[in-house]
Amino acid sequence: MTQLRHAERGIVTEEMERVAERERVDPEFVRQQVADGRAVIPANKEHDRLDPMVIGRAFATKVNANIGNSESESGIEAEAEKLHTAVHYGADTVMDLSTGGDLDAIREANVGRSPVPVGTVPVYEAVKRAESVADITPDLLLDVVEKQARQGVDYQTIHAGVLAEHLPLTDGRKTGIVSRGGSILAEWMEENGAQNPLYTHFEDICEIFAEYDVTFSLGDGLRPGCLADASDDAQFAELETLGELTRIARSHDVQVMVEGPGHVPMDEIAENVERQQEVCDGAPFYVLGPLVTDVAPGYDHITSAIGATEAARAGAAMLCYVTPKEHLGLPDAEDVREGLAAYRIAAHAADVANGREGARDWDDALSEARYAFDWERQFDLALDPERARSYHDQTLPGDNYKEARFCSMCGAEFCSMRIDQDAREAGDLDSLDDETDLATSAAAEVNRPPVGTHDADPVEGVDLDREYPTADD
């Protein structure tokens with residue numbers, strides 16, 4: 001049985017127990033959220049190495065990292081390094097979006113090594129196997145979906161909400177259809193004069209997903225690709241269809257999350273989230289960004305992280321990262337790192353703003369370490385420990401400076417925290433609380449993402465020996 005069916009029958013599964021432990025909540029609460037369709041636990045029964053996690057607005061905001069190659073760039077070794085980088089820097093899930101080379105080998109390697117859920121977009125493989133987009137058949141699509149489920153993929157993006165009657169609604173757009181899956185299916189419908197086969201065969205896909213307990217990620221094939229196209233008729237027409245498909249999937253005991261935009265002005269983000277929650281009966285919302293401006297190629301991990309924070313504040317459950325290479329090229333391992341850093345900041349900032357229990361503990365513990373000039377503790381608690389340590393050591397290298405009561409930004413004479421501490425110790429600030437114990441830290445109670453608690457199997461020719469601090473450290 002699927003996690004959803006277990007939950008509906010009042011059964012708390014091992015996966016729910018594990019999720020409750022990670023989220024520090026009661027297992028019964030997890031079960032009820034899954035039963036209500038407000039949370040999903042992507043956990044294909046064929047994914048042996050999986051450490052289960054939950055996606056839902058009642059839990060910590062999650063971050064997905066897209067990896068994958070193209071026809072001209074990246075092979076299996078490079079993809080293994082991207083996976084390793086993504087997991088070590090805190091990705092809660094990864095999506096293999098490969099479109100070139102040996103797709104089966106790359107996918108199987110990723111599932112075999114990944115302790116986090118792996119997602120895919122099966123229509124990409126269907127395109128590679130057919131002579132042309134127009135030659136894709138429903139049977140081919142179902143064959144690809146079933147094969148990827150059998151390989152252990154935990155969730156699949158299915159662009160079943162793009163209907164033939166929606167396509168004319170995109171005619172006035174500045175950037176047309178920017179989703180790869182959406183554009184492929186639009187071409188198929190136009191070439192064949194028929195309805196979207198993923199829509200007409202949706203219940204067949206539900207049966208496959210129910211067998212392996214694959215979670216739907218209902219794709220937003222008509223998401224806006226620029227601010228001018230945001231919140232238009234095409235986007236919202238597809239959303240209505242996604243609401244219909246959400247209810248069909250649940251009737252087959254299949255878990256569902258729904259994907260969202262895209263490029264959206266900041267003042268429209270909350271409205272987009274609230275509308276999705278209403279139309280899709282509270283199904284977890286999984287957003288790409290959204291980017292809040294179109295003017296910053298090379299910095300779109302920043303423009304989108306701004307929107308992602310706002311979306312998570314409004315109730316989005318998972319954020320799909322954007323890297324600095326967005327719109328420009330295929331990301332490499334360093335781009336993965338940069339994208340994850342931006343999005344983990346966004347997710348955490350939203351959790352703090354939303355009053356998520358324990359979220360602020362991490363900030364408070366790091367602040368205590370900073371005021372105590374406990375440099376090693378500060379590095380270990382940093383979102384990216386390696387980066388923090390490296391930046392400090394660029395200007396104050398050596399072990400002696402790890403005990404210094406200043407950094408190179410102000411130097412010893414002008415360090416505000418040193419001045420403050422000295423004044424307190426001298427009794428010059430008697431009106432303030434001078435009983436602060438700088439050695440006290442709430443670190444043991446820090447509820448931070450489990451950075452570095454997973455590892456990917458080494459691959460020949462790829463250096464995966466780097467060590468990263470964990471929350472337990």
# chains A, B, ... in the order shown; residues from 1 in each chain; ligands from 1
>>> residues_around(residues="A:Val34", least_positions_apart="3", cutoff="10 Å", atoms="only C-alpha atoms", output="PyMOL selection string")
chain A and resi 3-8+16+28-31+37-41+54-56+255-256+283
>>> residues_around(residues="A:Glu165", least_positions_apart="2", cutoff="10 Å", atoms="only C-alpha atoms", output="VMD selection string")
chain A and resid 162 to 163 167 to 169 195 234 237 to 238
>>> write_last_selection(atoms="N, CA and C atoms", output="compact mmCIF listing (two decimals), in the first residue's frame")
# COMPACT_ATOMS: atom_id res chain seq x y z
N VAL A 162 -1.52 20.52 -19.04
CA VAL A 162 -1.48 21.34 -20.25
C VAL A 162 -2.46 20.75 -21.26
N LEU A 163 -3.57 21.41 -21.48
CA LEU A 163 -4.59 20.90 -22.40
C LEU A 163 -4.59 21.67 -23.70
N LEU A 167 -3.70 26.17 -25.06
CA LEU A 167 -2.61 26.67 -25.87
C LEU A 167 -2.87 28.06 -26.49
N PRO A 168 -4.09 28.32 -26.99
CA PRO A 168 -4.33 29.67 -27.54
C PRO A 168 -4.16 30.78 -26.50
N LEU A 169 -4.29 30.44 -25.23
CA LEU A 169 -4.17 31.44 -24.17
C LEU A 169 -2.73 31.95 -24.03
N GLN A 195 -5.70 15.51 -27.77
CA GLN A 195 -5.52 15.99 -26.40
C GLN A 195 -4.24 15.43 -25.79
N ALA A 234 -3.55 31.62 -19.06
CA ALA A 234 -2.99 30.31 -19.35
C ALA A 234 -2.50 29.63 -18.07
N ALA A 237 -5.56 28.66 -15.94
CA ALA A 237 -6.38 27.60 -16.56
C ALA A 237 -5.74 26.24 -16.29
N GLU A 238 -4.42 26.18 -16.44
CA GLU A 238 -3.73 24.93 -16.14
C GLU A 238 -3.87 24.58 -14.66
>>> select_by_dssp(residues="stretch 26-138 of chain A", states="strand (DSSP E)", output="PyMOL selection string")
chain A and resi 39-40+55-56+62-67+93-96+118-120
>>> write_last_selection(atoms="all heavy atoms", output="compact mmCIF listing (two decimals), in the first residue's frame")
# COMPACT_ATOMS: atom_id res chain seq x y z
N ALA A 39 0.48 16.82 3.03
CA ALA A 39 1.91 16.49 3.07
C ALA A 39 2.13 15.21 2.28
O ALA A 39 1.22 14.39 2.14
CB ALA A 39 2.39 16.32 4.51
N VAL A 40 3.33 15.06 1.74
CA VAL A 40 3.70 13.84 1.02
C VAL A 40 5.04 13.34 1.54
O VAL A 40 5.89 14.13 1.97
CB VAL A 40 3.78 14.08 -0.50
CG1 VAL A 40 2.42 14.47 -1.06
CG2 VAL A 40 4.83 15.13 -0.85
N ILE A 55 7.26 16.56 2.81
CA ILE A 55 7.04 17.86 2.17
C ILE A 55 5.63 18.31 2.49
O ILE A 55 4.66 17.63 2.14
CB ILE A 55 7.23 17.77 0.64
CG1 ILE A 55 8.63 17.25 0.29
CG2 ILE A 55 6.98 19.12 -0.02
CD1 ILE A 55 8.78 16.85 -1.16
N GLY A 56 5.50 19.44 3.16
CA GLY A 56 4.19 19.97 3.52
C GLY A 56 4.36 21.28 4.26
O GLY A 56 5.37 21.49 4.94
N LYS A 62 11.36 22.72 2.54
CA LYS A 62 12.35 21.87 1.89
C LYS A 62 12.90 22.55 0.63
O LYS A 62 12.28 23.45 0.05
CB LYS A 62 11.74 20.52 1.53
CG LYS A 62 11.15 19.76 2.73
CD LYS A 62 12.17 19.58 3.84
CE LYS A 62 11.69 18.68 4.96
NZ LYS A 62 10.52 19.18 5.67
N VAL A 63 14.08 22.05 0.20
CA VAL A 63 14.75 22.59 -0.98
C VAL A 63 15.11 21.43 -1.91
O VAL A 63 15.71 20.44 -1.49
CB VAL A 63 16.03 23.36 -0.60
CG1 VAL A 63 16.77 23.82 -1.85
CG2 VAL A 63 15.69 24.56 0.28
N ASN A 64 14.75 21.59 -3.17
CA ASN A 64 15.14 20.62 -4.20
C ASN A 64 16.28 21.19 -5.04
O ASN A 64 16.31 22.38 -5.35
CB ASN A 64 13.97 20.31 -5.14
CG ASN A 64 14.43 19.50 -6.34
OD1 ASN A 64 14.78 18.33 -6.23
ND2 ASN A 64 14.46 20.13 -7.52
N ALA A 65 17.21 20.30 -5.41
CA ALA A 65 18.30 20.68 -6.31
C ALA A 65 18.14 19.93 -7.63
O ALA A 65 18.10 18.69 -7.65
CB ALA A 65 19.65 20.34 -5.69
N ASN A 66 18.03 20.66 -8.72
CA ASN A 66 18.02 20.06 -10.05
C ASN A 66 19.45 19.73 -10.47
O ASN A 66 20.34 20.58 -10.40
CB ASN A 66 17.41 21.00 -11.08
CG ASN A 66 15.91 21.12 -10.94
OD1 ASN A 66 15.26 20.27 -10.33
ND2 ASN A 66 15.35 22.17 -11.51
N ILE A 67 19.67 18.49 -10.87
CA ILE A 67 20.93 18.11 -11.49
C ILE A 67 20.59 17.47 -12.83
O ILE A 67 19.44 17.44 -13.23
CB ILE A 67 21.74 17.14 -10.59
CG1 ILE A 67 20.94 15.86 -10.31
CG2 ILE A 67 22.12 17.82 -9.27
CD1 ILE A 67 21.74 14.82 -9.53
N THR A 93 15.76 17.03 -1.66
CA THR A 93 15.50 16.12 -2.77
C THR A 93 16.39 16.55 -3.93
O THR A 93 16.90 17.68 -3.95
CB THR A 93 14.02 16.13 -3.24
OG1 THR A 93 13.76 17.30 -4.02
CG2 THR A 93 13.06 16.06 -2.07
N VAL A 94 16.55 15.67 -4.91
CA VAL A 94 17.24 16.03 -6.16
C VAL A 94 16.37 15.58 -7.33
O VAL A 94 15.66 14.58 -7.23
CB VAL A 94 18.64 15.39 -6.28
CG1 VAL A 94 19.57 15.92 -5.20
CG2 VAL A 94 18.57 13.87 -6.23
N MET A 95 16.43 16.33 -8.40
CA MET A 95 15.75 15.94 -9.63
C MET A 95 16.79 15.70 -10.71
O MET A 95 17.62 16.58 -10.99
CB MET A 95 14.75 17.00 -10.09
CG MET A 95 13.50 17.09 -9.26
SD MET A 95 12.12 17.84 -10.18
CE MET A 95 11.62 16.50 -11.26
N ASP A 96 16.76 14.51 -11.30
CA ASP A 96 17.63 14.18 -12.42
C ASP A 96 16.92 14.60 -13.70
O ASP A 96 15.98 13.94 -14.15
CB ASP A 96 17.92 12.68 -12.42
CG ASP A 96 18.76 12.25 -13.62
OD1 ASP A 96 19.21 13.13 -14.38
OD2 ASP A 96 18.95 11.03 -13.80
N VAL A 118 14.56 11.09 -5.17
CA VAL A 118 14.99 11.46 -6.53
C VAL A 118 13.76 11.64 -7.40
O VAL A 118 12.86 10.79 -7.40
CB VAL A 118 15.91 10.37 -7.13
CG1 VAL A 118 16.25 10.70 -8.58
CG2 VAL A 118 17.17 10.22 -6.30
N GLY A 119 13.72 12.74 -8.12
CA GLY A 119 12.63 12.99 -9.05
C GLY A 119 13.11 13.00 -10.49
O GLY A 119 14.30 13.17 -10.75
N THR A 120 12.19 12.82 -11.42
CA THR A 120 12.51 12.83 -12.85
C THR A 120 11.35 13.46 -13.63
O THR A 120 10.26 13.68 -13.09
CB THR A 120 12.74 11.41 -13.41
OG1 THR A 120 11.56 10.62 -13.17
CG2 THR A 120 13.95 10.75 -12.78
>>> residues_around(residues="A:Leu330", least_positions_apart="4", cutoff="8 Å", atoms="only C-alpha atoms", output="VMD selection string")
chain A and resid 69 to 70 73 325 to 326
>>> atom_distance(atom1="atom CA of A:Met189", atom2="atom CA of A:Ile248")
22.4 Å
>>> residues_around(residues="A:Ser132", least_positions_apart="6", cutoff="12 Å", atoms="only C-alpha atoms", output="list of chain:residue names")
A:Tyr124, A:Glu125, A:Ala126, A:Ile184, A:Leu185, A:Glu187, A:Trp188, A:Glu191, A:Asn192
>>> select_by_dssp(residues="stretch 275-436 of chain A", states="alpha helix (DSSP H)", output="ChimeraX atom specification")
/A:275-279,300-314,333-353,359-371,375-381,385-395,411-414,416-425
>>> residues_around(residues="stretch 301-304 of chain A", least_positions_apart="5", cutoff="7 Å", atoms="only C-alpha atoms", output="ChimeraX atom specification")
/A:289-293,322-324,339,342
>>> closest_atom_pairs(of="stretch 189-250 of chain A", to="stretch 176-179 of chain A", cutoff="7 Å", atoms="only C-alpha atoms", output="JSON lines")
{"residue": "A:Gly221", "atom": "CA", "partner": "A:Ser179", "partner_atom": "CA", "distance": 5.2}
{"residue": "A:Leu222", "atom": "CA", "partner": "A:Ile177", "partner_atom": "CA", "distance": 5.8}
{"residue": "A:Arg223", "atom": "CA", "partner": "A:Ser179", "partner_atom": "CA", "distance": 6.9}
{"residue": "A:Gly225", "atom": "CA", "partner": "A:Val178", "partner_atom": "CA", "distance": 5.6}
>>> write_last_selection(atoms="N, CA, C and O atoms", output="CSV table (one decimal), in the first residue's frame")
chain,number,residue,atom,x,y,z
A,221,GLY,N,3.3,23.2,-16.8
A,221,GLY,CA,3.8,23.4,-18.1
A,221,GLY,C,3.6,24.7,-18.7
A,221,GLY,O,4.2,25.1,-19.7
A,222,LEU,N,2.7,25.5,-18.2
A,222,LEU,CA,2.4,26.9,-18.7
A,222,LEU,C,2.8,27.9,-17.7
A,222,LEU,O,2.2,29.0,-17.7
A,223,ARG,N,3.8,27.6,-16.9
A,223,ARG,CA,4.3,28.6,-15.9
A,223,ARG,C,4.8,29.9,-16.7
A,223,ARG,O,5.3,29.7,-17.8
A,225,GLY,N,7.3,32.7,-17.9
A,225,GLY,CA,8.7,32.8,-18.1
A,225,GLY,C,9.3,34.2,-18.0
A,225,GLY,O,10.5,34.4,-18.2
>>> closest_residue(among="A:Phe414, A:Tyr89, A:Trp375, A:Tyr321", to="A:Asp399", atoms="only C-alpha atoms")
A:Trp375
>>> residues_around(residues="A:Asp332", least_positions_apart="6", cutoff="9 Å", atoms="only C-alpha atoms", output="list of chain:residue names")
A:Ile67, A:Ser74, A:Ala78, A:Glu79, A:Glu81, A:Lys82, A:Lys325
>>> write_last_selection(atoms="N, CA and C atoms", output="PDB file, in the first residue's frame")
ATOM      1  N   ILE A  67      19.667  18.487 -10.874  1.00  0.00           N
ATOM      2  CA  ILE A  67      20.928  18.107 -11.489  1.00  0.00           C
ATOM      3  C   ILE A  67      20.593  17.474 -12.827  1.00  0.00           C
ATOM      4  N   SER A  74      28.388  17.143 -19.737  1.00  0.00           N
ATOM      5  CA  SER A  74      28.351  16.375 -18.496  1.00  0.00           C
ATOM      6  C   SER A  74      28.077  14.895 -18.726  1.00  0.00           C
ATOM      7  N   ALA A  78      30.513  13.426 -13.694  1.00  0.00           N
ATOM      8  CA  ALA A  78      30.177  14.800 -13.313  1.00  0.00           C
ATOM      9  C   ALA A  78      28.827  14.854 -12.613  1.00  0.00           C
ATOM     10  N   GLU A  79      27.885  14.032 -13.060  1.00  0.00           N
ATOM     11  CA  GLU A  79      26.579  13.999 -12.405  1.00  0.00           C
ATOM     12  C   GLU A  79      26.683  13.427 -11.002  1.00  0.00           C
ATOM     13  N   GLU A  81      29.224  13.819  -9.048  1.00  0.00           N
ATOM     14  CA  GLU A  81      29.761  14.890  -8.207  1.00  0.00           C
ATOM     15  C   GLU A  81      28.680  15.914  -7.882  1.00  0.00           C
ATOM     16  N   LYS A  82      27.811  16.211  -8.839  1.00  0.00           N
ATOM     17  CA  LYS A  82      26.707  17.122  -8.557  1.00  0.00           C
ATOM     18  C   LYS A  82      25.797  16.556  -7.476  1.00  0.00           C
ATOM     19  N   LYS A 325      23.616  29.877 -13.184  1.00  0.00           N
ATOM     20  CA  LYS A 325      23.641  29.582 -14.626  1.00  0.00           C
ATOM     21  C   LYS A 325      22.248  29.596 -15.261  1.00  0.00           C
TER      22      LYS A 325
END
>>> closest_residue(among="A:Leu198, A:Ala311, A:Ile106, A:Ile306", to="A:Leu140", atoms="only C-alpha atoms")
A:Leu198
>>> atom_distance(atom1="atom CA of A:Phe285", atom2="atom CA of A:Thr61")
10.6 Å
>>> residues_around(residues="A:Leu218", least_positions_apart="4", cutoff="9 Å", atoms="only C-alpha atoms", output="list of chain:residue names")
A:Gln156, A:Thr157, A:Ile158, A:His159, A:Ala160, A:Gly161, A:Leu242, A:Leu245, A:Thr246, A:Val256, A:Met257, A:Val258, A:Glu259
>>> closest_residue(among="A:Gly75, A:Ala186, A:Leu383, A:Glu274", to="A:Arg337", atoms="only C-alpha atoms")
A:Leu383
>>> atom_distance(atom1="atom CA of A:Arg18", atom2="atom CA of A:Ala210")
21.4 Å
>>> closest_residue(among="A:Glu207, A:His348, A:Arg377, A:Glu334", to="A:Arg250", atoms="only C-alpha atoms")
A:Glu207
